[in-house]
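Trainee: Dumping the structure here so I can ask a few things about it.
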Amino acid sequence: MSSLSPSEMAFLMLAMMQAVAAVLWGIGAWWIVETRAAALHWAAYAAAGALTFLLLATHLQALPMAGVLVALGSLMLLQRGVWFFTGQPRRVHIHLALLAIAALASWVGTDPAWRPQQAVVHYSISTTMYLWISFDLYRHARKVLRLRWPILLALPLLVAGLNAGGRAMRTLLKPEALATEIAANSTLNVGTALVVVVLVATLHATLMALVVARLVNQLNWRSRHDGLTGLLNRRAMQEAIDQQLARSRRAGDTFAVVMLDLDHFKTINDRFGHPVGDAALKHVAALLQAGLRDVDRLGRFGGEEFVVLLPRLTLAEAAAVAESLRERLSAQPLPRPEGPLPLAASWGVAEWRGPSEDESRVLLRADQALYRAKADGRNRVALAAPEPLAA
């Protein structure tokens, strides 16, 4: 090791770092199913990066064509992993075109007279890739994660892109310096390698933070949503009603609550099996959601019972919404290979009566109306009976 130059040692250290990262991402792909495709691409990126830095350590004077293509391919694997993670389309044709340009430049660059132009092309492609991936991460952080400082997520790749762009400009403006500045003891190479060490470590930390943030968001979502239908669960629905109650008390407007219970649902489970019952619940959830406004809230309260929160609607307006939903449900049976399965529900509607009424009371009145609808023959809408307010 004593015969190695500082640049060679730096590149070997980078190769070891990338190899360790490849193993960690491979373990992550096996362990976390939700991000498996992205993690596998990032593992391949790290492995290709390790090979690239190993080739740089052994070919400082002139990186062979295979090394150039592996280096650019690693960046493309990194970007494909980001695309898988963020759900973007994979633009394979653009990557193939860039690889073809890099291969052509490497072939032309075998002539020493064209070496500076070859380096400019390679640096330019690297700059494009770094800045492109940086933009992908920035857009995801701003639009999806809604981070206050989304640029922080893209910063490692942005710095790497500026570094590659700077080397392209220097080679373009001073091509005669290329041969000396890539020498084993070049201060520029050593400094660049050390900067890349920090950038690579920061990049992997950023990607891992992305995965952790997604897992945390999924846990938060699952704690508030029903696993079968994707609707708000009982706790989240009660919180939504509490929040609406507080808003209505401040603003002085009203709201209504609709409770519905599927008719003869136990018979569906007993006769056709629980998978059909689950399909029926998901079918009902989708129909109800499609018939509501963006401001309305829909939740599964338990079993075959659902609750709808209708802000700023009176009792008569809420009853019209419930009747529309009832007709929608009756008109669209559950599709099955054996034939459509008709579905129906009983509905109870209650309007909030003012600041003296809490959320438990308005829910109780809607529930009482629902059971009155069942007692009157099912598949109908019943309104909460008027009752005097407590003094």
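By order in the structure tokens, chains are A, B, ...; within a chain, residues start at 1; ligands start at 1, following the order shown.
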Give me the residues near region 78-83 of chain A as a PyMOL selection string, where near means some atom within 7 Å (using only C-alpha atoms) and where sequence neighbours in that chain fewer than 2 positions away do not count.

Mentor: chain A and resi 37-39+41-42+45+74-76+85-90+133

Trainee: Residues of region 147-378 of chain A classed as strand (DSSP E or B) by DSSP on the backbone are to be reported as a ChimeraX atom specification.

Mentor: /A:225,232,255-262,297-302,305-311,334,341,345-351

Trainee: Which polymer residues have any atom within 7 Å of an atom of region 328-336 of chain A, counting only C-alpha atoms, with same-chain residues fewer than 6 positions away left out, as a list in words?

Mentor: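 With the cut-off at 7 Å, the set is Ala280, His283, Leu287, Pro342, Leu343 and Ala344 of chain A.
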
Trainee: Output N, CA and C atoms for every residue in that selection, as a PDB file, in the first residue's frame.

Mentor:
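What ended up in out.pdb:
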ATOM      1  N   ALA A 280     -67.236  -6.867  -1.711  1.00  0.00           N
ATOM      2  CA  ALA A 280     -68.420  -6.015  -1.612  1.00  0.00           C
ATOM      3  C   ALA A 280     -68.106  -4.744  -0.835  1.00  0.00           C
ATOM      4  N   HIS A 283     -66.114  -2.488  -3.015  1.00  0.00           N
ATOM      5  CA  HIS A 283     -66.983  -1.951  -4.071  1.00  0.00           C
ATOM      6  C   HIS A 283     -67.838  -0.804  -3.525  1.00  0.00           C
ATOM      7  N   LEU A 287     -67.764   3.236  -4.628  1.00  0.00           N
ATOM      8  CA  LEU A 287     -68.974   3.922  -5.105  1.00  0.00           C
ATOM      9  C   LEU A 287     -69.282   5.149  -4.259  1.00  0.00           C
ATOM     10  N   PRO A 342     -76.463  -7.958  -6.163  1.00  0.00           N
ATOM     11  CA  PRO A 342     -77.086  -6.709  -5.725  1.00  0.00           C
ATOM     12  C   PRO A 342     -76.682  -6.363  -4.287  1.00  0.00           C
ATOM     13  N   LEU A 343     -76.516  -5.066  -4.051  1.00  0.00           N
ATOM     14  CA  LEU A 343     -76.165  -4.574  -2.722  1.00  0.00           C
ATOM     15  C   LEU A 343     -77.115  -3.433  -2.361  1.00  0.00           C
ATOM     16  N   ALA A 344     -77.384  -3.309  -1.071  1.00  0.00           N
ATOM     17  CA  ALA A 344     -78.247  -2.231  -0.584  1.00  0.00           C
ATOM     18  C   ALA A 344     -77.805  -1.881   0.828  1.00  0.00           C
TER      19      ALA A 344
END

Trainee: So that I can see what lies close to region 296-301 of chain A, please list as a ChimeraX atom specification the residues with an atom at most 9 Å from it, counting only C-alpha atoms and leaving out residues fewer than 5 positions away in the same chain.

Mentor: /A:225-226,229-237,240-241,259,285,288-289,306-311

Trainee: Let's see if you can do this: from backbone DSSP, list all helix (DSSP H, G or I) residues in region 213-377 of chain A, as a PyMOL selection string.

Mentor: chain A and resi 213-224+234-251+265-272+274-290+315-331+359-375

Trainee: Extract, using only C-alpha atoms, all DNA, RNA and protein residues at most 10 Å from Ala71 (chain A), discarding same-chain residues fewer than 3 positions from it, and format them as a list of chain:residue names.

Mentor: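 The contact residues come out as A:Tyr45, A:Ala48, A:Gly49, A:Ala50, A:Leu51, A:Thr52, A:Phe53, A:Leu55, A:Leu56, A:Met65, A:Ala66, A:Gly67, A:Val68, A:Ser74, A:Leu75, A:Met76, A:His122, A:Ser126.
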
Trainee: Any chance you can output those residues with N, CA, C and O atoms as a compact mmCIF listing (two decimals), in the first residue's frame?

Mentor:
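So the final result, stored in result.txt, reads:
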# COMPACT_ATOMS: atom_id res chain seq x y z
N TYR A 45 -26.18 0.18 -8.68
CA TYR A 45 -25.44 1.44 -8.84
C TYR A 45 -24.19 1.44 -7.99
O TYR A 45 -23.08 1.81 -8.47
N ALA A 48 -21.61 -1.04 -9.44
CA ALA A 48 -20.97 -0.48 -10.63
C ALA A 48 -20.05 0.67 -10.25
O ALA A 48 -18.97 0.85 -10.85
N GLY A 49 -20.44 1.46 -9.25
CA GLY A 49 -19.58 2.54 -8.78
C GLY A 49 -18.29 2.00 -8.18
O GLY A 49 -17.21 2.57 -8.38
N ALA A 50 -18.40 0.89 -7.43
CA ALA A 50 -17.20 0.29 -6.86
C ALA A 50 -16.24 -0.15 -7.96
O ALA A 50 -15.02 0.06 -7.87
N LEU A 51 -16.79 -0.76 -9.02
CA LEU A 51 -15.94 -1.19 -10.14
C LEU A 51 -15.32 0.01 -10.84
O LEU A 51 -14.15 -0.02 -11.23
N THR A 52 -16.08 1.08 -10.98
CA THR A 52 -15.57 2.29 -11.63
C THR A 52 -14.38 2.86 -10.86
O THR A 52 -13.34 3.18 -11.45
N PHE A 53 -14.53 3.00 -9.56
CA PHE A 53 -13.44 3.58 -8.77
C PHE A 53 -12.23 2.65 -8.72
O PHE A 53 -11.09 3.12 -8.65
N LEU A 55 -11.31 0.75 -11.24
CA LEU A 55 -10.66 0.99 -12.53
C LEU A 55 -9.93 2.33 -12.55
O LEU A 55 -8.84 2.46 -13.14
N LEU A 56 -10.51 3.34 -11.91
CA LEU A 56 -9.84 4.64 -11.82
C LEU A 56 -8.53 4.53 -11.05
O LEU A 56 -7.53 5.17 -11.40
N MET A 65 -12.54 2.25 -22.17
CA MET A 65 -13.93 2.46 -22.59
C MET A 65 -14.90 1.73 -21.66
O MET A 65 -15.95 2.28 -21.30
N ALA A 66 -14.57 0.49 -21.27
CA ALA A 66 -15.46 -0.26 -20.39
C ALA A 66 -15.67 0.48 -19.08
O ALA A 66 -16.78 0.53 -18.55
N GLY A 67 -14.60 1.10 -18.56
CA GLY A 67 -14.73 1.85 -17.31
C GLY A 67 -15.63 3.06 -17.46
O GLY A 67 -16.43 3.37 -16.56
N VAL A 68 -15.53 3.76 -18.60
CA VAL A 68 -16.40 4.92 -18.85
C VAL A 68 -17.86 4.48 -18.91
O VAL A 68 -18.74 5.10 -18.29
N SER A 74 -23.62 3.31 -14.04
CA SER A 74 -23.95 3.37 -12.61
C SER A 74 -24.87 4.54 -12.31
O SER A 74 -25.81 4.42 -11.52
N LEU A 75 -24.60 5.69 -12.95
CA LEU A 75 -25.48 6.84 -12.75
C LEU A 75 -26.88 6.57 -13.27
O LEU A 75 -27.88 7.01 -12.69
N MET A 76 -26.97 5.84 -14.37
CA MET A 76 -28.28 5.52 -14.93
C MET A 76 -29.04 4.54 -14.03
O MET A 76 -30.25 4.64 -13.87
N HIS A 122 -17.45 13.10 -21.94
CA HIS A 122 -17.76 12.26 -20.77
C HIS A 122 -18.16 13.11 -19.57
O HIS A 122 -19.13 12.79 -18.87
N SER A 126 -21.83 13.15 -17.67
CA SER A 126 -21.93 12.99 -16.21
C SER A 126 -22.64 14.17 -15.57
O SER A 126 -23.49 14.00 -14.68

Trainee: Take CA of Ala22 (chain A) and CA of His204 (chain A) and report the distance between them in Å, one decimal.

Mentor: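 Answer for the CA of Ala22 (chain A) to CA of His204 (chain A) separation: 10.1 Å.
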
Trainee: Here is a test: counting only C-alpha atoms, which residue of A:Ser223, A:Thr254, A:Ser134, A:Gln368 is nearest to Ala318 (chain A)?

Mentor: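 Looking at the shortest contact to Ala318 (chain A), the residue is A:Thr254.
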